[in-house]
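Remarks on the structure that follows.
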Amino acid sequence: LRAIAVMVISCPCAMGLATPAAIAVGLGRGARNGILFRNSKSLELFKDVKQVVFDKTGTLTTGKFQIANFKSHIAEEDFKRIVYSLEKYSNHPLAKTITQEWKLKNPIHWKTVEEVKGRGLIATDAEGNNLSLGSYKIAAELTNEDNHNIYLVKNNELVGWIDLIDELRPESKSVVHYLNSKGIKTILLSGDRYEKTKRLAESLGIEEVIAEQTPEQKLQKVEELTKQQPTVMVGDGINDAPALAKATIGISMSEASQLAMQSASVVLMNSGLNKLPMALNLGRHTYITIKQNLFWAFAYNIVAIPVAAVGLLGTY
C-alpha cells in the first residue's frame, strides 16, 4: 500500500502538464482577443523582448492615403495617364491609392517596366522615352524640394510631383507610451525621408529613428538589432516581410499584405495595434504561470512523497 501511495503521489502528470496547460490557456486567450500566435514559441519569447521596431506606413499610420496635391509641367491628363499606367504595376500603398483615384480606361502599354525596391518604377515607352516614378531618390539631382511623396522624371527631366496624406492610427501614441513605460526601447524603421520620419517619431515619443532604408537595409538593420537583444518587428507591407522573418518575433496586422502575414509569428486582428501591449502581457503572464505551476508541482511531490513512504497516506 505504501508503494502504491508513493507511485500515485509521484506521478509526473502535474509537472508534465505545467507548461502545455499554461501555453494552451495563453494561446486561447490571445485568440479570443484577436491575437493569433502561429506557434507556442512566439508566445514564450515575449517575456524576453527588450525593443520594438515599428514600420511607419500601415503600422503606425492607417495606410489609407488621399491625394492632397500634385503639380505637373505637362498636360494634367497626360500626367495622370503616365502615373496611373506606372503605378498599376506596384503593390505599394501609395500606388494603390493613386490607381484607385486616377483610374483610367486607356493606360499606356510600356515596352519595359521594372519596380526597384526603395526607389520606384522605371519604364520605357514605345517611342524610347525613359520614365521614372518614385521617391525623392530618383529626382535628387533635379530638384531641392524633398518634401513630396512621389516624383515623375522623363528623360532626366522632372515632370511633376504628388503629395499624399496619411492619418496616424489613434492608438499609436498610447501604445508607444506603454512600451516606453515598461522600459522597452522603441525604434521607427522606415524608407521615408529622415525629416518626415523624425517628426512622426517625436510626435509619438519614439526613441530612435532609422530612415531612408531600402528593404535590404531594413533586413540587415533588424538582423543587427536582433543579435544585440530580443527584438519585436511590427510591419504590414511586402517590403517588411524579410525583416519580420528575421526578428525574434515578427508581428503583422490583419489587413497587411499576404506575404507579411505569412512571414509574421503573430497577427493582430481588426487593425489591432492596440492589442500589442496585451500580446506582450500574455507572453509574460504565461511564463509566470508556467513557473508557478512547476513550483507547486515540485512542492506537492517534495511534501507528499515522504508522507506516503512512511505510511501516513492510507485508504479509507
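In the C-alpha cells, the first chain shown is A, the next is B, and so on; residue numbers restart at 1 for each chain, and ligands run from 1 in the order shown.
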Please report, as CSV, each residue of segment 39-153 of chain A lying at most 12 Å from segment 261-271 of chain A, together with the nearest pair of atoms and the separation in Å rounded to one decimal; use only C-alpha atoms, and order rows by chain and ascending residue number.
residue,atom,partner,partner_atom,distance
A:Asn39,CA,A:Ser265,CA,7.3
A:Ser40,CA,A:Ser265,CA,9.7
A:Lys41,CA,A:Ser265,CA,9.1
A:Ser42,CA,A:Ser265,CA,6.3
A:Leu43,CA,A:Val266,CA,8.6
A:Glu44,CA,A:Ser265,CA,11.7
A:Leu45,CA,A:Ser265,CA,10.7
A:Phe46,CA,A:Val266,CA,10.8
A:Gly58,CA,A:Ser271,CA,9.4
A:Thr59,CA,A:Ser271,CA,8.9
A:Leu60,CA,A:Ser271,CA,10.6
A:Thr61,CA,A:Ser271,CA,10.5
A:Thr62,CA,A:Ser271,CA,8.5
A:Gly63,CA,A:Ser271,CA,10.7
Got time to write the residues from that selection, N, CA, C and O atoms, as an mmCIF file, in the first residue's frame?
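Done, and the output landed in part_31.cif:
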data_model
loop_
_atom_site.group_PDB
_atom_site.id
_atom_site.type_symbol
_atom_site.label_atom_id
_atom_site.label_comp_id
_atom_site.auth_asym_id
_atom_site.auth_seq_id
_atom_site.Cartn_x
_atom_site.Cartn_y
_atom_site.Cartn_z
ATOM 1 N N ASN A 39 2.651 29.830 -33.359
ATOM 2 C CA ASN A 39 3.196 28.711 -32.594
ATOM 3 C C ASN A 39 3.382 29.147 -31.143
ATOM 4 O O ASN A 39 3.346 30.337 -30.824
ATOM 5 N N SER A 40 3.597 28.165 -30.273
ATOM 6 C CA SER A 40 3.751 28.460 -28.849
ATOM 7 C C SER A 40 5.081 29.153 -28.551
ATOM 8 O O SER A 40 5.186 29.904 -27.573
ATOM 9 N N LYS A 41 6.078 28.932 -29.395
ATOM 10 C CA LYS A 41 7.395 29.535 -29.151
ATOM 11 C C LYS A 41 7.319 31.052 -29.140
ATOM 12 O O LYS A 41 7.947 31.719 -28.316
ATOM 13 N N SER A 42 6.544 31.620 -30.083
ATOM 14 C CA SER A 42 6.427 33.080 -30.149
ATOM 15 C C SER A 42 5.775 33.636 -28.884
ATOM 16 O O SER A 42 6.128 34.728 -28.424
ATOM 17 N N LEU A 43 4.839 32.900 -28.295
ATOM 18 C CA LEU A 43 4.210 33.333 -27.046
ATOM 19 C C LEU A 43 5.232 33.348 -25.916
ATOM 20 O O LEU A 43 5.302 34.293 -25.117
ATOM 21 N N GLU A 44 6.065 32.295 -25.841
ATOM 22 C CA GLU A 44 7.061 32.195 -24.780
ATOM 23 C C GLU A 44 8.143 33.265 -24.910
ATOM 24 O O GLU A 44 8.669 33.751 -23.904
ATOM 25 N N LEU A 45 8.515 33.640 -26.151
ATOM 26 C CA LEU A 45 9.621 34.573 -26.372
ATOM 27 C C LEU A 45 9.284 36.004 -25.963
ATOM 28 O O LEU A 45 10.181 36.826 -25.789
ATOM 29 N N PHE A 46 8.003 36.325 -25.820
ATOM 30 C CA PHE A 46 7.616 37.689 -25.467
ATOM 31 C C PHE A 46 8.212 38.132 -24.131
ATOM 32 O O PHE A 46 8.427 39.323 -23.911
ATOM 33 N N GLY A 58 1.060 52.125 -42.655
ATOM 34 C CA GLY A 58 0.176 50.992 -42.444
ATOM 35 C C GLY A 58 0.331 50.336 -41.084
ATOM 36 O O GLY A 58 -0.442 49.448 -40.733
ATOM 37 N N THR A 59 1.314 50.777 -40.316
ATOM 38 C CA THR A 59 1.534 50.222 -38.976
ATOM 39 C C THR A 59 1.218 51.280 -37.926
ATOM 40 O O THR A 59 0.283 51.132 -37.146
ATOM 41 N N LEU A 60 2.001 52.354 -37.908
ATOM 42 C CA LEU A 60 1.694 53.478 -37.027
ATOM 43 C C LEU A 60 0.655 54.393 -37.660
ATOM 44 O O LEU A 60 -0.034 55.144 -36.962
ATOM 45 N N THR A 61 0.551 54.330 -38.980
ATOM 46 C CA THR A 61 -0.476 55.094 -39.691
ATOM 47 C C THR A 61 -1.531 54.129 -40.228
ATOM 48 O O THR A 61 -1.329 52.913 -40.223
ATOM 49 N N THR A 62 -2.618 54.675 -40.707
ATOM 50 C CA THR A 62 -3.713 53.817 -41.182
ATOM 51 C C THR A 62 -3.393 53.148 -42.506
ATOM 52 O O THR A 62 -3.975 52.126 -42.842
ATOM 53 N N GLY A 63 -2.475 53.745 -43.279
ATOM 54 C CA GLY A 63 -2.167 53.199 -44.599
ATOM 55 C C GLY A 63 -3.207 53.539 -45.653
ATOM 56 O O GLY A 63 -3.116 53.087 -46.795
#
Need the shell around Thr112 of chain A: protein/DNA/RNA residues with any atom at most 6 Å away, counting only C-alpha atoms. Skip same-chain ones fewer than 2 positions apart. Format as a short mmCIF file (atom, residue, chain, number, x, y, z; two decimals) with N, CA and C atoms, in the first residue's frame?
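The result, written out as around.cif:
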data_model
loop_
_atom_site.label_atom_id
_atom_site.label_comp_id
_atom_site.auth_asym_id
_atom_site.auth_seq_id
_atom_site.Cartn_x
_atom_site.Cartn_y
_atom_site.Cartn_z
N TRP A 110 3.71 49.78 -71.82
CA TRP A 110 5.15 50.03 -71.78
C TRP A 110 5.93 48.97 -72.53
N ALA A 123 10.51 52.72 -66.45
CA ALA A 123 9.85 52.17 -67.64
C ALA A 123 10.38 52.84 -68.91
N THR A 124 10.15 52.16 -70.01
CA THR A 124 10.47 52.69 -71.34
C THR A 124 9.23 52.55 -72.20
#
**Asked** Could you write out, as a list in words, all the residues of segment 97-151 of chain A that DSSP marks as strand (DSSP E)?
**Response**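 Taking segment 97-151 of chain A and keeping strand (DSSP E) only, one gets Thr112, Val113, Glu114, Glu115, Val116, Gly120, Leu121, Ile122, Ala123, Thr124, Asn130, Leu131, Ser132, Leu133, Gly134, Ile150 and Tyr151 of chain A.
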Write a file of the selected residues as an mmCIF file, in the first residue's frame, keeping N, CA and C atoms.
data_model
loop_
_atom_site.group_PDB
_atom_site.id
_atom_site.type_symbol
_atom_site.label_atom_id
_atom_site.label_comp_id
_atom_site.auth_asym_id
_atom_site.auth_seq_id
_atom_site.Cartn_x
_atom_site.Cartn_y
_atom_site.Cartn_z
ATOM 1 N N THR A 112 9.106 48.312 -71.591
ATOM 2 C CA THR A 112 9.677 47.637 -70.416
ATOM 3 C C THR A 112 9.217 48.393 -69.178
ATOM 4 N N VAL A 113 9.037 47.676 -68.092
ATOM 5 C CA VAL A 113 8.703 48.307 -66.811
ATOM 6 C C VAL A 113 9.268 47.448 -65.690
ATOM 7 N N GLU A 114 9.858 48.108 -64.701
ATOM 8 C CA GLU A 114 10.510 47.389 -63.598
ATOM 9 C C GLU A 114 10.340 48.184 -62.312
ATOM 10 N N GLU A 115 10.089 47.479 -61.218
ATOM 11 C CA GLU A 115 9.995 48.128 -59.911
ATOM 12 C C GLU A 115 11.285 47.895 -59.141
ATOM 13 N N VAL A 116 11.920 48.978 -58.728
ATOM 14 C CA VAL A 116 13.153 48.912 -57.953
ATOM 15 C C VAL A 116 12.804 49.236 -56.509
ATOM 16 N N GLY A 120 11.436 53.111 -56.791
ATOM 17 C CA GLY A 120 10.196 53.313 -57.524
ATOM 18 C C GLY A 120 10.148 52.477 -58.784
ATOM 19 N N LEU A 121 9.462 52.994 -59.796
ATOM 20 C CA LEU A 121 9.253 52.283 -61.048
ATOM 21 C C LEU A 121 10.052 52.931 -62.173
ATOM 22 N N ILE A 122 10.627 52.094 -63.017
ATOM 23 C CA ILE A 122 11.390 52.553 -64.177
ATOM 24 C C ILE A 122 10.794 51.895 -65.410
ATOM 25 N N ALA A 123 10.506 52.716 -66.448
ATOM 26 C CA ALA A 123 9.849 52.169 -67.641
ATOM 27 C C ALA A 123 10.382 52.838 -68.906
ATOM 28 N N THR A 124 10.146 52.163 -70.014
ATOM 29 C CA THR A 124 10.465 52.693 -71.338
ATOM 30 C C THR A 124 9.229 52.546 -72.204
ATOM 31 N N ASN A 130 12.472 57.336 -71.522
ATOM 32 C CA ASN A 130 12.727 56.712 -70.229
ATOM 33 C C ASN A 130 11.984 57.474 -69.133
ATOM 34 N N LEU A 131 11.190 56.755 -68.348
ATOM 35 C CA LEU A 131 10.399 57.385 -67.280
ATOM 36 C C LEU A 131 10.691 56.702 -65.949
ATOM 37 N N SER A 132 10.740 57.525 -64.902
ATOM 38 C CA SER A 132 10.938 57.022 -63.549
ATOM 39 C C SER A 132 9.893 57.656 -62.643
ATOM 40 N N LEU A 133 9.300 56.865 -61.801
ATOM 41 C CA LEU A 133 8.277 57.346 -60.866
ATOM 42 C C LEU A 133 8.581 56.757 -59.501
ATOM 43 N N GLY A 134 8.816 57.624 -58.514
ATOM 44 C CA GLY A 134 9.133 57.074 -57.202
ATOM 45 C C GLY A 134 9.510 58.133 -56.193
ATOM 46 N N ILE A 150 5.946 61.555 -54.171
ATOM 47 C CA ILE A 150 6.228 60.867 -55.429
ATOM 48 C C ILE A 150 6.682 61.881 -56.477
ATOM 49 N N TYR A 151 7.691 61.490 -57.230
ATOM 50 C CA TYR A 151 8.224 62.344 -58.300
ATOM 51 C C TYR A 151 8.163 61.571 -59.616
#
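Among the candidates A:Arg32, A:Lys173, A:Gly272, A:Leu280, the residue lying nearest to Val49 of chain A is A:Leu280 (atoms considered: only C-alpha atoms).
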**Request:** Please identify all polymer residues within 9 Å of Asp236 of chain A, counting only C-alpha atoms, omitting same-chain residues fewer than 3 positions from it, and present them as JSON, numbers by chain.
**Result:** {"A": [55, 57, 58, 59, 239, 240, 241, 251, 252, 253, 254, 255, 256, 257, 258, 259, 260, 261]}
Kindly export the residues of the current selection with N, CA, C and O atoms, as a PDB file, in the first residue's frame.
ATOM      1  N   ASP A  55       7.482  49.652 -38.378  1.00  0.00           N
ATOM      2  CA  ASP A  55       7.409  50.251 -39.694  1.00  0.00           C
ATOM      3  C   ASP A  55       6.453  51.437 -39.577  1.00  0.00           C
ATOM      4  O   ASP A  55       5.698  51.540 -38.602  1.00  0.00           O
ATOM      5  N   THR A  57       4.332  53.234 -42.489  1.00  0.00           N
ATOM      6  CA  THR A  57       3.115  53.223 -43.295  1.00  0.00           C
ATOM      7  C   THR A  57       2.302  51.957 -43.081  1.00  0.00           C
ATOM      8  O   THR A  57       2.800  50.848 -43.261  1.00  0.00           O
ATOM      9  N   GLY A  58       1.060  52.125 -42.655  1.00  0.00           N
ATOM     10  CA  GLY A  58       0.176  50.992 -42.444  1.00  0.00           C
ATOM     11  C   GLY A  58       0.331  50.336 -41.084  1.00  0.00           C
ATOM     12  O   GLY A  58      -0.442  49.448 -40.733  1.00  0.00           O
ATOM     13  N   THR A  59       1.314  50.777 -40.316  1.00  0.00           N
ATOM     14  CA  THR A  59       1.534  50.222 -38.976  1.00  0.00           C
ATOM     15  C   THR A  59       1.218  51.280 -37.926  1.00  0.00           C
ATOM     16  O   THR A  59       0.283  51.132 -37.146  1.00  0.00           O
ATOM     17  N   ASN A 239       7.474  44.828 -48.388  1.00  0.00           N
ATOM     18  CA  ASN A 239       8.865  45.169 -48.103  1.00  0.00           C
ATOM     19  C   ASN A 239       9.286  44.785 -46.692  1.00  0.00           C
ATOM     20  O   ASN A 239      10.473  44.670 -46.408  1.00  0.00           O
ATOM     21  N   ASP A 240       8.313  44.612 -45.790  1.00  0.00           N
ATOM     22  CA  ASP A 240       8.628  44.288 -44.401  1.00  0.00           C
ATOM     23  C   ASP A 240       8.785  42.786 -44.164  1.00  0.00           C
ATOM     24  O   ASP A 240       9.285  42.385 -43.111  1.00  0.00           O
ATOM     25  N   ALA A 241       8.338  41.971 -45.100  1.00  0.00           N
ATOM     26  CA  ALA A 241       8.288  40.523 -44.880  1.00  0.00           C
ATOM     27  C   ALA A 241       9.641  39.926 -44.489  1.00  0.00           C
ATOM     28  O   ALA A 241       9.723  39.159 -43.516  1.00  0.00           O
ATOM     29  N   ILE A 251       5.526  40.686 -36.043  1.00  0.00           N
ATOM     30  CA  ILE A 251       4.098  40.936 -35.821  1.00  0.00           C
ATOM     31  C   ILE A 251       3.533  41.670 -37.028  1.00  0.00           C
ATOM     32  O   ILE A 251       4.098  42.663 -37.485  1.00  0.00           O
ATOM     33  N   SER A 252       2.404  41.184 -37.523  1.00  0.00           N
ATOM     34  CA  SER A 252       1.751  41.790 -38.676  1.00  0.00           C
ATOM     35  C   SER A 252       0.312  42.139 -38.320  1.00  0.00           C
ATOM     36  O   SER A 252      -0.283  41.552 -37.415  1.00  0.00           O
ATOM     37  N   MET A 253      -0.239  43.103 -39.039  1.00  0.00           N
ATOM     38  CA  MET A 253      -1.643  43.455 -38.881  1.00  0.00           C
ATOM     39  C   MET A 253      -2.491  42.575 -39.799  1.00  0.00           C
ATOM     40  O   MET A 253      -2.010  42.082 -40.826  1.00  0.00           O
ATOM     41  N   SER A 254      -3.743  42.404 -39.476  1.00  0.00           N
ATOM     42  CA  SER A 254      -4.606  41.502 -40.252  1.00  0.00           C
ATOM     43  C   SER A 254      -4.873  42.008 -41.658  1.00  0.00           C
ATOM     44  O   SER A 254      -5.152  41.218 -42.564  1.00  0.00           O
ATOM     45  N   GLU A 255      -4.781  43.347 -41.880  1.00  0.00           N
ATOM     46  CA  GLU A 255      -5.017  43.883 -43.219  1.00  0.00           C
ATOM     47  C   GLU A 255      -3.716  44.045 -43.997  1.00  0.00           C
ATOM     48  O   GLU A 255      -3.680  44.698 -45.038  1.00  0.00           O
ATOM     49  N   ALA A 256      -2.626  43.454 -43.497  1.00  0.00           N
ATOM     50  CA  ALA A 256      -1.327  43.559 -44.153  1.00  0.00           C
ATOM     51  C   ALA A 256      -1.300  42.721 -45.427  1.00  0.00           C
ATOM     52  O   ALA A 256      -2.223  41.962 -45.720  1.00  0.00           O
ATOM     53  N   SER A 257      -0.207  42.863 -46.178  1.00  0.00           N
ATOM     54  CA  SER A 257      -0.036  42.049 -47.373  1.00  0.00           C
ATOM     55  C   SER A 257       0.052  40.570 -46.972  1.00  0.00           C
ATOM     56  O   SER A 257       0.459  40.239 -45.857  1.00  0.00           O
ATOM     57  N   GLN A 258      -0.321  39.702 -47.883  1.00  0.00           N
ATOM     58  CA  GLN A 258      -0.328  38.270 -47.603  1.00  0.00           C
ATOM     59  C   GLN A 258       1.063  37.775 -47.233  1.00  0.00           C
ATOM     60  O   GLN A 258       1.228  36.937 -46.340  1.00  0.00           O
ATOM     61  N   LEU A 259       2.080  38.310 -47.916  1.00  0.00           N
ATOM     62  CA  LEU A 259       3.450  37.886 -47.651  1.00  0.00           C
ATOM     63  C   LEU A 259       3.884  38.286 -46.248  1.00  0.00           C
ATOM     64  O   LEU A 259       4.554  37.517 -45.549  1.00  0.00           O
ATOM     65  N   ALA A 260       3.502  39.488 -45.814  1.00  0.00           N
ATOM     66  CA  ALA A 260       3.843  39.940 -44.471  1.00  0.00           C
ATOM     67  C   ALA A 260       3.171  39.064 -43.414  1.00  0.00           C
ATOM     68  O   ALA A 260       3.784  38.692 -42.411  1.00  0.00           O
ATOM     69  N   MET A 261       1.903  38.713 -43.637  1.00  0.00           N
ATOM     70  CA  MET A 261       1.187  37.865 -42.680  1.00  0.00           C
ATOM     71  C   MET A 261       1.814  36.481 -42.592  1.00  0.00           C
ATOM     72  O   MET A 261       1.890  35.878 -41.516  1.00  0.00           O
TER      73      MET A 261
END
**Fill in**
Pairwise distance, atom CA of Val232 of chain A with atom CA of Lys56 of chain A, equals 14.5 Å
**Message:** For segment 204-214 of chain A, find every residue with an atom within 8 Å (counting only C-alpha atoms), except residues of its own chain fewer than 3 positions away, and show them as a ChimeraX atom specification.
**Reply:** /A:117-118,172-173,176-177,185-194,197-198,200-201,217-218
